[in-house]
Amino acid sequence: MRPTWLLYGANGTTGRLVLSIWQKAFPQLPPPLLAGRDAFQLTTLSQTYGCPYQAFSLAELPTIAFSELPHLVVNLAGPYENTTLPWVTWCEQHGIAYLDICGEWRTFQRLYARHSSVPLITAAGFDTVAGEAALYLLRQRYPQARSLQLYIYAQGGFSAGTVQSALTMLPHGYYQWQAGQLHPIPFQEVRLTLQGRELLFFSATLAELVTFPAWNPDIKHLATWVALPPRYVRWRSLLERVFAWQPFAERLLGLVRQRRATLAHRMHLSAESFVLAAAAETPEALLLRTPQAYVFTAWTVLRSVELFLAEGAAPGPASAFSRWRERLWGSLPGTWTRWQPI
Ligand SMILES: NC(=O)c1ccc[n+]([C@@H]2O[C@H](COP(=O)([O-])OP(=O)(O)OC[C@H]3O[C@@H](n4cnc5c(N)ncnc54)[C@H](OP(=O)(O)O)[C@@H]3O)[C@@H](O)[C@H]2O)c1
């Protein structure tokens, strides 16, 4: 039987969570074809979850023979600067839909410039689903809100892939959306109290700066921020400079990859994450809560796969949230929203 979906990067931190939640909570969703470049780890996962597997690198992808082609490729392998183009090119050649959890704004700029003949279901992960949901719900209540701020506070640790993606973006600067395009800004910080805790938020060029204006072209301004412990930020300026040197960048990315199991082990999967959407034109802001970011990402991926397999999706690039909005948001467990004065 034709496998309905292929999961690439299945052995990563997020891939493993997707498989674990798929097994517990998605009995109606057919087993994915597990894929990635590590045959040993895929064999173990295949035995644990009873899914078929195929090991190949992205360099091998153009020549790989599949016994049956899937309907949908779910690409969880990041940094996406390296993995999006090979998969999107392959999907377009074979008429297959593509889905990812990319959060890298430069990759979105390239993707959103494509006139693709297949659905490119992008940004189906925590930060963009929760971020776009908060901005969307704010604008549902206050349609006049056009100067927007988005603050993201994800607790419970980071995966090696997230650190690698963040490092890859580091030398490319900070931006906000202003009058129809991205504008460079200096690195800034702001103090906010969320859930009774005073937090430091820092400038971050998040995916929403590309994905949200794509379906909300009337907004005037959007700035995005993330809360980070000050100890990470102390290294920022040095890292920005040395990361531009390719041999150093490759060495550092390799070291981070070696720490994948340690970082995954240290995660607190029961932690909570919060997103705050505010606007210059509104008297209140929307606070939104989700489960831990990687657990939530596993749910957003699985629900998006389910929605795609049930309904299909329009061709071209568009974020998962913009495609399914309330139907995606309303089916995700452990979320709540609350209005609070600014
Ligand atoms: N939007 C969101 O909210 C969100 C949430 C979670 C994750 N993410 C993103 O998703 C990506 C993966 O995260 P993760 O937590 O699963 O990271 P991870 O635990 O480090 O796993 C990375 C996975 O990607 C594969 N991979 C990396 N580079 C590859 C390449 N060039 N070719 C083939 N496979 C490659 C790895 O394969 P090997 O084992 O062979 O190295 C591994 O399977 C990251 O970019 C992260 O930023 C986004």
# chains A, B, ... in the order shown; residues from 1 in each chain; ligands from 1
$ residues_near_ligand --ligand "ligand 1" --cutoff "8 Å" --atoms "only C-alpha atoms and all ligand atoms" --output "PyMOL selection string"
chain A and resi 8-16+36-38+57-58+76-80+82-83+100-104+123-129+158-166+257+260-261+264+293-294+297
$ residues_around --residues "Ser304 in chain A" --least-positions-apart "4" --cutoff "9 Å" --atoms "only C-alpha atoms" --output "JSON, numbers by chain"
{"A": [99, 121, 124, 299, 300, 308, 309, 320, 321, 324, 328]}
$ closest_atom_pairs --of "range 180-267 of chain A" --to "range 276-286 of chain A" --cutoff "12 Å" --atoms "only C-alpha atoms" --output "CSV"
residue,atom,partner,partner_atom,distance
A:Leu192,CA,A:Leu276,CA,10.1
A:Thr193,CA,A:Leu276,CA,10.6
A:Leu194,CA,A:Leu276,CA,8.5
A:Gln195,CA,A:Leu276,CA,10.8
A:Phe201,CA,A:Leu276,CA,11.3
A:Glu208,CA,A:Ala277,CA,11.9
A:Ile219,CA,A:Ala279,CA,10.7
A:Lys220,CA,A:Ala279,CA,10.8
A:His221,CA,A:Ala279,CA,9.4
A:Leu222,CA,A:Ala279,CA,9.0
A:Ala223,CA,A:Ala278,CA,10.1
A:Thr224,CA,A:Ala277,CA,9.5
A:Trp225,CA,A:Leu276,CA,9.8
A:Val226,CA,A:Leu276,CA,10.4
A:Ala227,CA,A:Leu276,CA,11.2
$ closest_atom_pairs --of "range 160-211 of chain A" --to "range 228-235 of chain A" --cutoff "9 Å" --atoms "only C-alpha atoms" --output "Markdown table"
| residue | atom | partner | partner_atom | distance |
| --- | --- | --- | --- | --- |
| A:Leu199 | CA | A:Leu228 | CA | 8.1 |
| A:Leu200 | CA | A:Leu228 | CA | 6.7 |
| A:Phe201 | CA | A:Leu228 | CA | 6.5 |
| A:Phe202 | CA | A:Leu228 | CA | 7.1 |
$ write_last_selection --atoms "C-alpha atoms" --output "PDB file, in the first residue's frame"
ATOM      1  CA  LEU A 199      11.504  38.309  32.189  1.00  0.00           C
ATOM      2  CA  LEU A 200      14.030  39.793  29.796  1.00  0.00           C
ATOM      3  CA  PHE A 201      12.965  39.584  26.150  1.00  0.00           C
ATOM      4  CA  PHE A 202      15.492  40.077  23.352  1.00  0.00           C
TER       5      PHE A 202
END
$ closest_residue --among "A:Tyr175, A:Tyr153, A:Trp105, A:Phe26" --to "Glu272 in chain A" --atoms "only C-alpha atoms"
A:Tyr153
$ residues_around --residues "Ser117 in chain A" --least-positions-apart "4" --cutoff "10 Å" --atoms "only C-alpha atoms" --output "list in words"
Cys91, Glu92, Gln93, Gly95, Ile96, Ala97, Ala314, Pro315, Gly316 and Pro317 of chain A
$ select_by_dssp --residues "range 117-281 of chain A" --states "strand (DSSP E)" --output "PyMOL selection string"
chain A and resi 119-122+147-154+174-178+181-185+189-194+197-203+221-227+272-279
$ atom_distance --atom1 "CA of Pro52 in chain A" --atom2 "CA of Leu307 in chain A"
22.4 Å
$ closest_residue --among "A:Pro62, A:Val301, A:Ile342, A:Leu19" --to "Gln149 in chain A" --atoms "only C-alpha atoms"
A:Ile342
$ closest_residue --among "A:Leu167, A:Ser203, A:Val295, A:Arg197" --to "Val256 in chain A" --atoms "only C-alpha atoms"
A:Leu167
$ residues_around --residues "Leu239 in chain A" --least-positions-apart "5" --cutoff "9 Å" --atoms "only C-alpha atoms" --output "list in words"
Leu167, Leu170, Pro171 and Ala244 of chain A
$ decode --residues "range 203-218 of chain A" --atoms "N, CA and C atoms" --output "compact mmCIF listing (two decimals), in the first residue's frame"
# COMPACT_ATOMS: atom_id res chain seq x y z
N SER A 203 15.52 40.98 21.10
CA SER A 203 15.17 41.00 19.67
C SER A 203 15.46 39.65 19.07
N ALA A 204 14.53 39.16 18.25
CA ALA A 204 14.74 37.89 17.56
C ALA A 204 14.00 37.97 16.24
N THR A 205 14.66 37.61 15.16
CA THR A 205 14.00 37.64 13.86
C THR A 205 13.29 36.31 13.68
N LEU A 206 12.02 36.29 14.07
CA LEU A 206 11.28 35.02 14.06
C LEU A 206 10.55 34.82 12.73
N ALA A 207 10.16 33.56 12.50
CA ALA A 207 9.50 33.18 11.24
C ALA A 207 8.25 34.01 10.97
N GLU A 208 7.53 34.42 12.04
CA GLU A 208 6.27 35.15 11.86
C GLU A 208 6.47 36.44 11.06
N LEU A 209 7.70 36.97 11.08
CA LEU A 209 7.95 38.22 10.34
C LEU A 209 7.78 38.02 8.84
N VAL A 210 7.90 36.77 8.38
CA VAL A 210 7.65 36.48 6.96
C VAL A 210 6.28 35.82 6.79
N THR A 211 5.96 34.87 7.68
CA THR A 211 4.73 34.09 7.44
C THR A 211 3.46 34.90 7.73
N PHE A 212 3.46 35.76 8.78
CA PHE A 212 2.21 36.44 9.16
C PHE A 212 1.81 37.54 8.16
N PRO A 213 2.75 38.42 7.73
CA PRO A 213 2.35 39.41 6.73
C PRO A 213 1.91 38.77 5.41
N ALA A 214 2.36 37.54 5.13
CA ALA A 214 1.97 36.89 3.88
C ALA A 214 0.45 36.71 3.79
N TRP A 215 -0.22 36.53 4.94
CA TRP A 215 -1.69 36.40 4.89
C TRP A 215 -2.39 37.52 5.66
N ASN A 216 -1.61 38.51 6.15
CA ASN A 216 -2.16 39.72 6.80
C ASN A 216 -1.46 40.94 6.20
N PRO A 217 -1.66 41.16 4.88
CA PRO A 217 -0.88 42.20 4.21
C PRO A 217 -1.19 43.62 4.69
N ASP A 218 -2.29 43.79 5.48
CA ASP A 218 -2.64 45.14 5.93
C ASP A 218 -1.89 45.56 7.19
